[in-house]
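Colleague: Sharing a structure here in structure tokens format.
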Amino acid sequence: MKLCLSALSAACALAVLAVPASAHHSFNTFYDMTRTLKIEGVVTSFRLVSPHSEMLLEVPDASGKPVTWRILARTGAVNAKREGWRPEEFVGKRVTVEGNPSRSADRRGMAAGVVTFLDGGKVVCLGGCPGGPPVE
């Protein structure tokens, strides 16, 4: 009986530990790391969340209609907070974002690299930039 309970406890512990590991992914799977795209728009949301912070950017399409792009930081929330990022410094600002586009043609998404604020030129590295925060 004790052996059965020990085996069950060990199996449960391993299952719990395996969940976070399976959630992490390679950016190469979802984003075309061989291409770089630069877009301009207004930040409507910035969330410092794990495993990767997320920014929503409203960008005008070819006809001028606003469309939302989902920008995923290549660094984690812990490093972002360590770098001093605060959502209120992003939201409402007009920026350019340079990064790697989604592999899916029907998605407006990007693995971000460099964000440049157009009202002063401040540059923030969302991961993958020389001298920027570590990529996770």
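Ligands are numbered from 1 in the order shown, residues from 1 within each chain, and chains are lettered A, B, ... in the order they appear in the structure tokens.
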What's the 10 Å shell around range 62-77 of chain A, counting only C-alpha atoms, without same-chain residues fewer than 6 positions away, as a PyMOL selection string?
Modeller: chain A and resi 27+39+41-56+83+85+97-102+107-114+125-129+132-136
Colleague: Please report the interatomic distance between CA of Val95 in chain A and CA of Thr34 in chain A in Å with one decimal.
Modeller: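 Interatomic distance, CA of Val95 in chain A to CA of Thr34 in chain A: 22.8 Å.
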